[in-house]
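Trainee: Data file final.cif (mmCIF, C-alpha atoms and all ligand atoms) is appended below.
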data_structure
#
loop_
_atom_site.group_PDB
_atom_site.id
_atom_site.type_symbol
_atom_site.label_atom_id
_atom_site.label_comp_id
_atom_site.auth_asym_id
_atom_site.auth_seq_id
_atom_site.Cartn_x
_atom_site.Cartn_y
_atom_site.Cartn_z
ATOM 1 C CA MET A 18 12.336 20.612 -22.607
ATOM 2 C CA LYS A 19 10.254 17.945 -24.309
ATOM 3 C CA LEU A 20 7.389 15.982 -22.752
ATOM 4 C CA TYR A 21 6.686 12.538 -24.165
ATOM 5 C CA LEU A 22 2.985 11.830 -23.772
ATOM 6 C CA ALA A 23 0.064 9.753 -24.965
ATOM 7 C CA PRO A 24 -3.238 11.623 -25.292
ATOM 8 C CA GLY A 25 -5.346 11.270 -22.147
ATOM 9 C CA ALA A 26 -2.798 9.060 -20.351
ATOM 10 C CA CYS A 27 -1.226 9.950 -16.997
ATOM 11 C CA SER A 28 1.181 12.136 -18.993
ATOM 12 C CA LEU A 29 -1.685 14.637 -19.195
ATOM 13 C CA SER A 30 -0.734 15.615 -15.620
ATOM 14 C CA PRO A 31 2.749 16.998 -16.418
ATOM 15 C CA HIS A 32 1.280 18.496 -19.591
ATOM 16 C CA ILE A 33 -1.261 20.453 -17.517
ATOM 17 C CA ALA A 34 1.452 21.352 -14.984
ATOM 18 C CA LEU A 35 3.675 22.766 -17.746
ATOM 19 C CA CYS A 36 0.746 24.915 -18.935
ATOM 20 C CA GLU A 37 -0.004 26.024 -15.345
ATOM 21 C CA ALA A 38 3.669 26.899 -14.861
ATOM 22 C CA GLY A 39 3.806 28.887 -18.096
ATOM 23 C CA LEU A 40 7.079 27.218 -19.089
ATOM 24 C CA PRO A 41 8.189 26.755 -22.712
ATOM 25 C CA PHE A 42 8.042 23.099 -23.783
ATOM 26 C CA ASP A 43 7.582 20.786 -26.751
ATOM 27 C CA THR A 44 5.601 17.566 -26.788
ATOM 28 C CA GLU A 45 5.958 14.356 -28.730
ATOM 29 C CA SER A 46 3.337 11.672 -28.585
ATOM 30 C CA VAL A 47 4.043 7.988 -28.099
ATOM 31 C CA ASN A 48 1.894 5.265 -29.617
ATOM 32 C CA LEU A 49 1.098 2.952 -26.700
ATOM 33 C CA ARG A 50 -0.990 0.656 -28.902
ATOM 34 C CA GLU A 51 1.978 -0.906 -30.703
ATOM 35 C CA LEU A 52 5.023 -2.740 -29.363
ATOM 36 C CA PRO A 53 7.661 -1.553 -29.123
ATOM 37 C CA HIS A 54 6.061 1.806 -28.459
ATOM 38 C CA ARG A 55 7.203 4.337 -31.042
ATOM 39 C CA THR A 56 7.224 8.107 -30.870
ATOM 40 C CA GLU A 57 5.506 10.281 -33.464
ATOM 41 C CA SER A 58 8.879 10.657 -35.222
ATOM 42 C CA GLY A 59 9.306 6.864 -35.410
ATOM 43 C CA VAL A 60 11.854 6.408 -32.617
ATOM 44 C CA ASP A 61 11.702 3.269 -30.448
ATOM 45 C CA TYR A 62 10.495 4.858 -27.198
ATOM 46 C CA THR A 63 12.543 2.501 -25.008
ATOM 47 C CA THR A 64 15.632 4.362 -26.243
ATOM 48 C CA ILE A 65 14.215 7.435 -24.469
ATOM 49 C CA ASN A 66 12.603 5.786 -21.433
ATOM 50 C CA PRO A 67 13.786 2.177 -21.011
ATOM 51 C CA LYS A 68 10.795 1.613 -18.703
ATOM 52 C CA GLY A 69 8.679 1.973 -21.839
ATOM 53 C CA TYR A 70 5.919 4.102 -20.360
ATOM 54 C CA VAL A 71 4.887 7.752 -20.484
ATOM 55 C CA PRO A 72 5.455 10.372 -19.215
ATOM 56 C CA ALA A 73 9.111 11.240 -19.738
ATOM 57 C CA LEU A 74 10.537 14.736 -19.620
ATOM 58 C CA GLU A 75 13.654 15.216 -21.736
ATOM 59 C CA PHE A 76 15.950 18.150 -21.054
ATOM 60 C CA ASP A 77 18.095 19.978 -23.582
ATOM 61 C CA SER A 78 21.099 18.216 -21.976
ATOM 62 C CA GLY A 79 19.605 14.878 -23.137
ATOM 63 C CA GLU A 80 18.869 13.770 -19.564
ATOM 64 C CA VAL A 81 15.422 12.288 -18.984
ATOM 65 C CA LEU A 82 13.229 12.436 -15.870
ATOM 66 C CA THR A 83 10.427 9.887 -15.412
ATOM 67 C CA GLU A 84 7.589 9.169 -12.945
ATOM 68 C CA CYS A 85 4.628 11.524 -12.646
ATOM 69 C CA ALA A 86 5.294 12.381 -9.003
ATOM 70 C CA ALA A 87 8.901 13.433 -9.705
ATOM 71 C CA ILE A 88 8.149 15.264 -12.961
ATOM 72 C CA LEU A 89 5.254 17.202 -11.415
ATOM 73 C CA GLN A 90 7.454 18.445 -8.584
ATOM 74 C CA PHE A 91 10.277 19.309 -10.978
ATOM 75 C CA ILE A 92 7.903 21.416 -13.090
ATOM 76 C CA ALA A 93 6.482 23.149 -10.008
ATOM 77 C CA ASP A 94 10.003 23.999 -8.819
ATOM 78 C CA GLN A 95 10.879 25.603 -12.185
ATOM 79 C CA ALA A 96 8.190 28.256 -11.666
ATOM 80 C CA PRO A 97 8.107 28.908 -7.890
ATOM 81 C CA GLU A 98 6.171 32.132 -8.457
ATOM 82 C CA MET A 99 3.202 30.063 -9.683
ATOM 83 C CA GLN A 100 3.040 28.246 -6.304
ATOM 84 C CA LEU A 101 2.226 24.845 -7.732
ATOM 85 C CA ALA A 102 4.025 23.144 -4.828
ATOM 86 C CA PRO A 103 4.860 24.202 -1.263
ATOM 87 C CA ALA A 104 8.503 25.126 -0.625
ATOM 88 C CA ASN A 105 11.006 22.281 -0.308
ATOM 89 C CA GLY A 106 11.783 21.274 3.245
ATOM 90 C CA THR A 107 8.440 22.344 4.700
ATOM 91 C CA LEU A 108 5.921 19.915 6.185
ATOM 92 C CA GLU A 109 3.484 21.048 3.491
ATOM 93 C CA ARG A 110 5.919 19.784 0.834
ATOM 94 C CA TYR A 111 5.840 16.357 2.458
ATOM 95 C CA ARG A 112 2.036 16.586 2.486
ATOM 96 C CA LEU A 113 2.208 17.147 -1.266
ATOM 97 C CA GLN A 114 4.450 14.084 -1.617
ATOM 98 C CA GLU A 115 2.046 12.128 0.580
ATOM 99 C CA TRP A 116 -0.766 12.977 -1.849
ATOM 100 C CA LEU A 117 1.305 12.295 -4.962
ATOM 101 C CA ASN A 118 2.326 8.876 -3.658
ATOM 102 C CA PHE A 119 -1.231 8.075 -2.639
ATOM 103 C CA ILE A 120 -2.612 9.067 -6.031
ATOM 104 C CA SER A 121 0.103 7.101 -7.817
ATOM 105 C CA ALA A 122 -0.042 3.874 -5.824
ATOM 106 C CA GLU A 123 -3.654 3.758 -4.722
ATOM 107 C CA ILE A 124 -5.598 5.367 -7.557
ATOM 108 C CA HIS A 125 -3.469 5.568 -10.716
ATOM 109 C CA LYS A 126 -2.271 1.955 -10.439
ATOM 110 C CA GLY A 127 -5.708 0.930 -9.171
ATOM 111 C CA PHE A 128 -6.983 1.578 -12.692
ATOM 112 C CA SER A 129 -4.609 -0.993 -14.250
ATOM 113 C CA PRO A 130 -7.284 -3.704 -14.745
ATOM 114 C CA MET A 131 -9.491 -1.169 -16.617
ATOM 115 C CA TRP A 132 -6.755 -0.765 -19.240
ATOM 116 C CA ASN A 133 -5.826 -4.440 -19.402
ATOM 117 C CA PRO A 134 -7.745 -6.236 -22.189
ATOM 118 C CA ALA A 135 -6.979 -9.560 -20.446
ATOM 119 C CA ALA A 136 -8.705 -8.496 -17.200
ATOM 120 C CA THR A 137 -12.085 -10.104 -16.484
ATOM 121 C CA ALA A 138 -15.257 -8.152 -15.648
ATOM 122 C CA ALA A 139 -14.937 -9.413 -12.047
ATOM 123 C CA GLU A 140 -11.381 -8.091 -11.801
ATOM 124 C CA ARG A 141 -12.503 -4.708 -13.121
ATOM 125 C CA GLU A 142 -15.383 -4.578 -10.636
ATOM 126 C CA ALA A 143 -13.040 -5.434 -7.779
ATOM 127 C CA ALA A 144 -10.613 -2.730 -8.911
ATOM 128 C CA TRP A 145 -13.388 -0.126 -9.060
ATOM 129 C CA ALA A 146 -14.618 -1.142 -5.584
ATOM 130 C CA ARG A 147 -11.098 -0.638 -4.214
ATOM 131 C CA ILE A 148 -10.727 2.735 -5.951
ATOM 132 C CA GLY A 149 -14.152 3.596 -4.515
ATOM 133 C CA GLN A 150 -12.836 3.042 -0.976
ATOM 134 C CA ARG A 151 -10.029 5.503 -1.708
ATOM 135 C CA LEU A 152 -12.465 8.030 -3.171
ATOM 136 C CA ASP A 153 -14.676 7.637 -0.066
ATOM 137 C CA TRP A 154 -11.683 8.906 1.894
ATOM 138 C CA ILE A 155 -10.848 11.803 -0.454
ATOM 139 C CA ALA A 156 -14.353 13.152 -1.126
ATOM 140 C CA PRO A 157 -15.149 14.547 2.364
ATOM 141 C CA GLN A 158 -11.835 16.420 2.285
ATOM 142 C CA LEU A 159 -12.714 18.035 -1.055
ATOM 143 C CA ALA A 160 -16.124 18.929 0.361
ATOM 144 C CA GLU A 161 -14.299 21.057 2.959
ATOM 145 C CA ARG A 162 -11.733 22.693 0.682
ATOM 146 C CA ASP A 163 -11.398 23.353 -3.046
ATOM 147 C CA TYR A 164 -8.052 21.609 -3.502
ATOM 148 C CA LEU A 165 -6.216 18.720 -1.862
ATOM 149 C CA LEU A 166 -3.712 20.882 0.022
ATOM 150 C CA GLY A 167 -6.113 23.790 0.450
ATOM 151 C CA GLU A 168 -4.238 25.855 -2.131
ATOM 152 C CA PHE A 169 -4.078 24.545 -5.710
ATOM 153 C CA SER A 170 -1.073 22.288 -6.390
ATOM 154 C CA VAL A 171 0.242 19.676 -8.791
ATOM 155 C CA ALA A 172 -1.483 17.018 -6.652
ATOM 156 C CA ASP A 173 -4.825 18.337 -7.957
ATOM 157 C CA VAL A 174 -3.561 18.074 -11.517
ATOM 158 C CA TYR A 175 -2.609 14.428 -10.945
ATOM 159 C CA LEU A 176 -5.926 13.538 -9.285
ATOM 160 C CA PHE A 177 -7.880 15.272 -12.061
ATOM 161 C CA THR A 178 -5.948 13.373 -14.752
ATOM 162 C CA ILE A 179 -6.637 9.977 -13.201
ATOM 163 C CA LEU A 180 -10.299 10.639 -12.331
ATOM 164 C CA ASN A 181 -10.789 11.824 -15.903
ATOM 165 C CA TRP A 182 -10.360 8.150 -16.882
ATOM 166 C CA THR A 183 -13.781 7.403 -15.374
ATOM 167 C CA HIS A 184 -15.241 8.903 -18.601
ATOM 168 C CA TYR A 185 -13.334 6.444 -20.807
ATOM 169 C CA HIS A 186 -14.495 3.503 -18.733
ATOM 170 C CA LYS A 187 -18.066 4.773 -18.182
ATOM 171 C CA LEU A 188 -17.594 4.770 -14.414
ATOM 172 C CA SER A 189 -19.773 7.204 -12.523
ATOM 173 C CA LEU A 190 -18.613 9.708 -9.912
ATOM 174 C CA ASP A 191 -22.269 10.310 -8.879
ATOM 175 C CA ARG A 192 -21.593 8.828 -5.434
ATOM 176 C CA TRP A 193 -19.167 11.671 -4.736
ATOM 177 C CA PRO A 194 -20.667 15.114 -5.537
ATOM 178 C CA ALA A 195 -17.574 16.761 -4.007
ATOM 179 C CA LEU A 196 -15.406 14.979 -6.581
ATOM 180 C CA GLN A 197 -17.734 16.011 -9.393
ATOM 181 C CA ASP A 198 -17.434 19.624 -8.200
ATOM 182 C CA PHE A 199 -13.650 19.246 -8.049
ATOM 183 C CA MET A 200 -13.556 17.937 -11.631
ATOM 184 C CA ALA A 201 -15.691 20.888 -12.773
ATOM 185 C CA ARG A 202 -13.368 23.336 -10.959
ATOM 186 C CA MET A 203 -10.365 21.777 -12.640
ATOM 187 C CA MET A 204 -12.029 21.788 -16.059
ATOM 188 C CA ALA A 205 -12.595 25.534 -15.710
ATOM 189 C CA ARG A 206 -8.854 26.220 -15.415
ATOM 190 C CA PRO A 207 -7.360 27.644 -18.631
ATOM 191 C CA ALA A 208 -4.258 25.424 -18.319
ATOM 192 C CA VAL A 209 -6.423 22.304 -18.166
ATOM 193 C CA GLN A 210 -8.355 23.451 -21.231
ATOM 194 C CA GLN A 211 -5.092 24.171 -23.055
ATOM 195 C CA ALA A 212 -3.587 20.743 -22.348
ATOM 196 C CA LEU A 213 -6.822 18.919 -23.229
ATOM 197 C CA GLN A 214 -7.043 20.921 -26.460
ATOM 198 C CA GLU A 215 -3.410 20.173 -27.350
ATOM 199 C CA GLU A 216 -4.028 16.447 -26.774
ATOM 200 C CA GLY A 217 -7.130 16.554 -28.992
ATOM 201 C CA LEU A 218 -9.421 15.654 -26.113
ATOM 202 C CA LEU A 219 -11.937 18.481 -26.395
ATOM 203 C CA SER A 220 -14.879 17.859 -28.673
HETATM 204 N N1 LIG A 301 4.944 4.828 -12.420
HETATM 205 C C1 LIG A 301 4.709 5.531 -13.655
HETATM 206 C C2 LIG A 301 3.543 4.866 -14.380
HETATM 207 C C3 LIG A 301 3.309 5.449 -15.753
HETATM 208 C C4 LIG A 301 2.212 4.717 -16.503
HETATM 209 O O1 LIG A 301 1.469 3.914 -15.930
HETATM 210 N N2 LIG A 301 2.092 5.028 -17.807
HETATM 211 C C5 LIG A 301 1.122 4.375 -18.673
HETATM 212 C C6 LIG A 301 0.110 5.365 -19.227
HETATM 213 S S1 LIG A 301 -0.867 6.102 -17.921
HETATM 214 C C7 LIG A 301 1.845 3.781 -19.869
HETATM 215 O O2 LIG A 301 2.619 4.445 -20.530
HETATM 216 N N3 LIG A 301 1.573 2.507 -20.164
HETATM 217 C C8 LIG A 301 2.111 1.837 -21.313
HETATM 218 C C9 LIG A 301 3.028 0.721 -20.959
HETATM 219 O O3 LIG A 301 3.312 0.497 -19.755
HETATM 220 O O4 LIG A 301 3.459 0.033 -21.878
HETATM 221 C C10 LIG A 301 4.436 7.027 -13.395
HETATM 222 O O5 LIG A 301 3.904 7.353 -12.325
HETATM 223 O O6 LIG A 301 4.807 7.867 -14.239
#
Write the structure described by the file as structure tokens, please.
Ligand SMILES: N[C@@H](CCC(=O)N[C@@H](CS)C(=O)NCC(=O)O)C(=O)O
Mentor:
Amino acid sequence: MKLYLAPGACSLSPHIALCEAGLPFDTESVNLRELPHRTESGVDYTTINPKGYVPALEFDSGEVLTECAAILQFIADQAPEMQLAPANGTLERYRLQEWLNFISAEIHKGFSPMWNPAATAAEREAAWARIGQRLDWIAPQLAERDYLLGEFSVADVYLFTILNWTHYHKLSLDRWPALQDFMARMMARPAVQQALQEEGLLS
């Protein structure tokens, strides 16, 4: 199995999940700064994922799975003993999917103006205000429990990955001490340290 990633991008979430799951995997990085995006080995990345973005998980069969929410659940299901996702068919599994969709649509994509060099300062401020409303909703829940579902899951890995972007954009989480505590809890996990190290993100 090979994970196509860009250091620090949303692909960090399946990278952490693979480490949490203890599964064997390779990685290949994709240069998102040039068009067309090329992989480390010089391949036009659209030949691997025609959507052009990371992450993509390539199987030995040559098939490719994309979208963080789908890849995270696939990884969790490969190592059920690690309990990274509730069992399929249970209400808790749909709760996980509820969180993954929320993180993807409301938070992950909410950051788009921060990454867009054409976005104005006003557009970035508006985007951060909207993300803030979402974080206002999450924070009290993480004040009551350590992880989004109660037990640790791939939803936490996804949330951690996206909130980690606040460092790049010098956005403060001071308003939400529960989120700061959550980030610290996540940082303390060996799998998170491993993935950050492998992506060259630890100083
Ligand atoms: N819907 C996709 C979005 C993936 C995405 O936004 N990837 C970004 C990095 S975080 C990317 O590769 N952007 C480069 C591009 O779109 O050209 C998912 O959830 O996996």
Trainee: Which is closest to Trp182 in chain A among A:Phe128, A:Tyr62, A:Tyr111, A:Tyr164, if we use all atoms listed in the file?
Mentor: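 Of all the options, A:Phe128 lies closest to Trp182 in chain A.
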Trainee: Would you name the residues within 6 Å of ligand LIG 301 (chain A), counting only C-alpha atoms and all ligand atoms, and put them as a short mmCIF file (atom, residue, chain, number, x, y, z; two decimals) with C-alpha atoms, in the frame of the given file?
Mentor:
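Result file is result10.cif:
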data_model
loop_
_atom_site.label_atom_id
_atom_site.label_comp_id
_atom_site.auth_asym_id
_atom_site.auth_seq_id
_atom_site.Cartn_x
_atom_site.Cartn_y
_atom_site.Cartn_z
CA ALA A 26 -2.80 9.06 -20.35
CA CYS A 27 -1.23 9.95 -17.00
CA LEU A 49 1.10 2.95 -26.70
CA GLY A 69 8.68 1.97 -21.84
CA TYR A 70 5.92 4.10 -20.36
CA VAL A 71 4.89 7.75 -20.48
CA PRO A 72 5.46 10.37 -19.22
CA GLU A 84 7.59 9.17 -12.94
CA CYS A 85 4.63 11.52 -12.65
CA SER A 121 0.10 7.10 -7.82
#
Trainee: Need the shell around Leu82 in chain A: protein/DNA/RNA residues with any atom at most 12 Å away, counting only C-alpha atoms. Skip same-chain ones fewer than 4 positions apart. Format as a compact mmCIF listing (two decimals) with C-alpha atoms, in the frame of the given file?
Mentor:
# COMPACT_ATOMS: atom_id res chain seq x y z
CA MET A 18 12.34 20.61 -22.61
CA LYS A 19 10.25 17.94 -24.31
CA LEU A 20 7.39 15.98 -22.75
CA TYR A 21 6.69 12.54 -24.16
CA PRO A 31 2.75 17.00 -16.42
CA ILE A 65 14.22 7.44 -24.47
CA ASN A 66 12.60 5.79 -21.43
CA PRO A 67 13.79 2.18 -21.01
CA LYS A 68 10.80 1.61 -18.70
CA TYR A 70 5.92 4.10 -20.36
CA VAL A 71 4.89 7.75 -20.48
CA PRO A 72 5.46 10.37 -19.22
CA ALA A 73 9.11 11.24 -19.74
CA LEU A 74 10.54 14.74 -19.62
CA GLU A 75 13.65 15.22 -21.74
CA PHE A 76 15.95 18.15 -21.05
CA ASP A 77 18.10 19.98 -23.58
CA SER A 78 21.10 18.22 -21.98
CA ALA A 86 5.29 12.38 -9.00
CA ALA A 87 8.90 13.43 -9.70
CA ILE A 88 8.15 15.26 -12.96
CA LEU A 89 5.25 17.20 -11.42
CA GLN A 90 7.45 18.44 -8.58
CA PHE A 91 10.28 19.31 -10.98
CA ILE A 92 7.90 21.42 -13.09
Trainee: Return as JSON the centre and edge lengths, in Å with one decimal, of the box along x, y and z that encloses every atom of range 156-159 of chain A in the file, padded by 4 Å per side.
Mentor:
{"center_x": -13.5, "center_y": 15.6, "center_z": 0.6, "size_x": 11.3, "size_y": 12.9, "size_z": 11.5}
Trainee: What do you get, as a VMD selection string, if you spell out every residue that the PyMOL selection byres (((chain A and resi 151-160) around 10) and not hetatm) selects here?
Mentor: chain A and resid 119 to 120 123 to 124 127 145 to 150 161 to 167 180 190 192 to 199
Trainee: Can you spell out as a list in words the set of residues that the PyMOL selection byres (((chain A and resi 56-58) around 6) and not hetatm) selects in the structure I just provided?
Mentor: Ser46, Val47, Arg55, Gly59, Val60 and Tyr62 of chain A
Trainee: Return the single residue from A:Ala23, A:Glu115, A:Asp61, A:Met131 that is closest to Glu45 in chain A, with distances computed using all atoms listed in the file.
Mentor: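 Among A:Ala23, A:Glu115, A:Asp61, A:Met131, it is A:Ala23 that comes nearest to Glu45 in chain A.
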Trainee: Run the PyMOL selection byres (((chain A and resi 93-98) around 12) and not hetatm) against the file shown and list the residues it catches, as a ChimeraX atom specification.
Mentor: /A:18,30-41,86-92,99-105,110,113,169-172,174
Trainee: Please determine the residues with any atom at most 12 Å from (-7.9, 22.1, -24.7) (coordinates as given in the file, with all atoms listed in the file counting) and report them as a PyMOL selection string.
Mentor: chain A and resi 24-25+29+32-33+36+204-220
Trainee: Kindly save the residues from that selection, with C-alpha atoms included, as a PDB file, in the coordinates of the input.
Mentor:
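So part23.pdb came out as:
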ATOM      1  CA  PRO A  24      -3.238  11.623 -25.292  1.00  0.00           C
ATOM      2  CA  GLY A  25      -5.346  11.270 -22.147  1.00  0.00           C
ATOM      3  CA  LEU A  29      -1.685  14.637 -19.195  1.00  0.00           C
ATOM      4  CA  HIS A  32       1.280  18.496 -19.591  1.00  0.00           C
ATOM      5  CA  ILE A  33      -1.261  20.453 -17.517  1.00  0.00           C
ATOM      6  CA  CYS A  36       0.746  24.915 -18.935  1.00  0.00           C
ATOM      7  CA  MET A 204     -12.029  21.788 -16.059  1.00  0.00           C
ATOM      8  CA  ALA A 205     -12.595  25.534 -15.710  1.00  0.00           C
ATOM      9  CA  ARG A 206      -8.854  26.220 -15.415  1.00  0.00           C
ATOM     10  CA  PRO A 207      -7.360  27.644 -18.631  1.00  0.00           C
ATOM     11  CA  ALA A 208      -4.258  25.424 -18.319  1.00  0.00           C
ATOM     12  CA  VAL A 209      -6.423  22.304 -18.166  1.00  0.00           C
ATOM     13  CA  GLN A 210      -8.355  23.451 -21.231  1.00  0.00           C
ATOM     14  CA  GLN A 211      -5.092  24.171 -23.055  1.00  0.00           C
ATOM     15  CA  ALA A 212      -3.587  20.743 -22.348  1.00  0.00           C
ATOM     16  CA  LEU A 213      -6.822  18.919 -23.229  1.00  0.00           C
ATOM     17  CA  GLN A 214      -7.043  20.921 -26.460  1.00  0.00           C
ATOM     18  CA  GLU A 215      -3.410  20.173 -27.350  1.00  0.00           C
ATOM     19  CA  GLU A 216      -4.028  16.447 -26.774  1.00  0.00           C
ATOM     20  CA  GLY A 217      -7.130  16.554 -28.992  1.00  0.00           C
ATOM     21  CA  LEU A 218      -9.421  15.654 -26.113  1.00  0.00           C
ATOM     22  CA  LEU A 219     -11.937  18.481 -26.395  1.00  0.00           C
ATOM     23  CA  SER A 220     -14.879  17.859 -28.673  1.00  0.00           C
TER      24      SER A 220
END
Trainee: Could you jot down the CA of Leu22 in chain A to CA of Leu188 in chain A separation for me, Å, one decimal place?
Mentor: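 These atoms are spaced 23.7 Å apart.
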Trainee: Between A:Val81, A:Ala144, A:Leu117, A:Leu52, which one has atoms that come closest to Ser129 in chain A, using all atoms listed in the file?
Mentor: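 The answer is A:Ala144, which sits nearest to Ser129 in chain A.
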Trainee: Go through A:His54, A:Asp43, A:Asn133, A:Met200 one by one, measure the shortest atom-to-atom distance of each to Ile179 in chain A using all atoms listed in the file, and give the residue with the smallest value.
Mentor: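 That would be A:Met200, the residue with the smallest distance to Ile179 in chain A.
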Trainee: Would you mind reading off the distance between CA of Met203 in chain A and CA of Pro134 in chain A, one decimal, in Å?
Mentor: 29.7 Å
Trainee: Using CA of Tyr175 in chain A and CA of His125 in chain A as the two end points, give the distance in Å to one decimal.
Mentor: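 So the answer is 8.9 Å.
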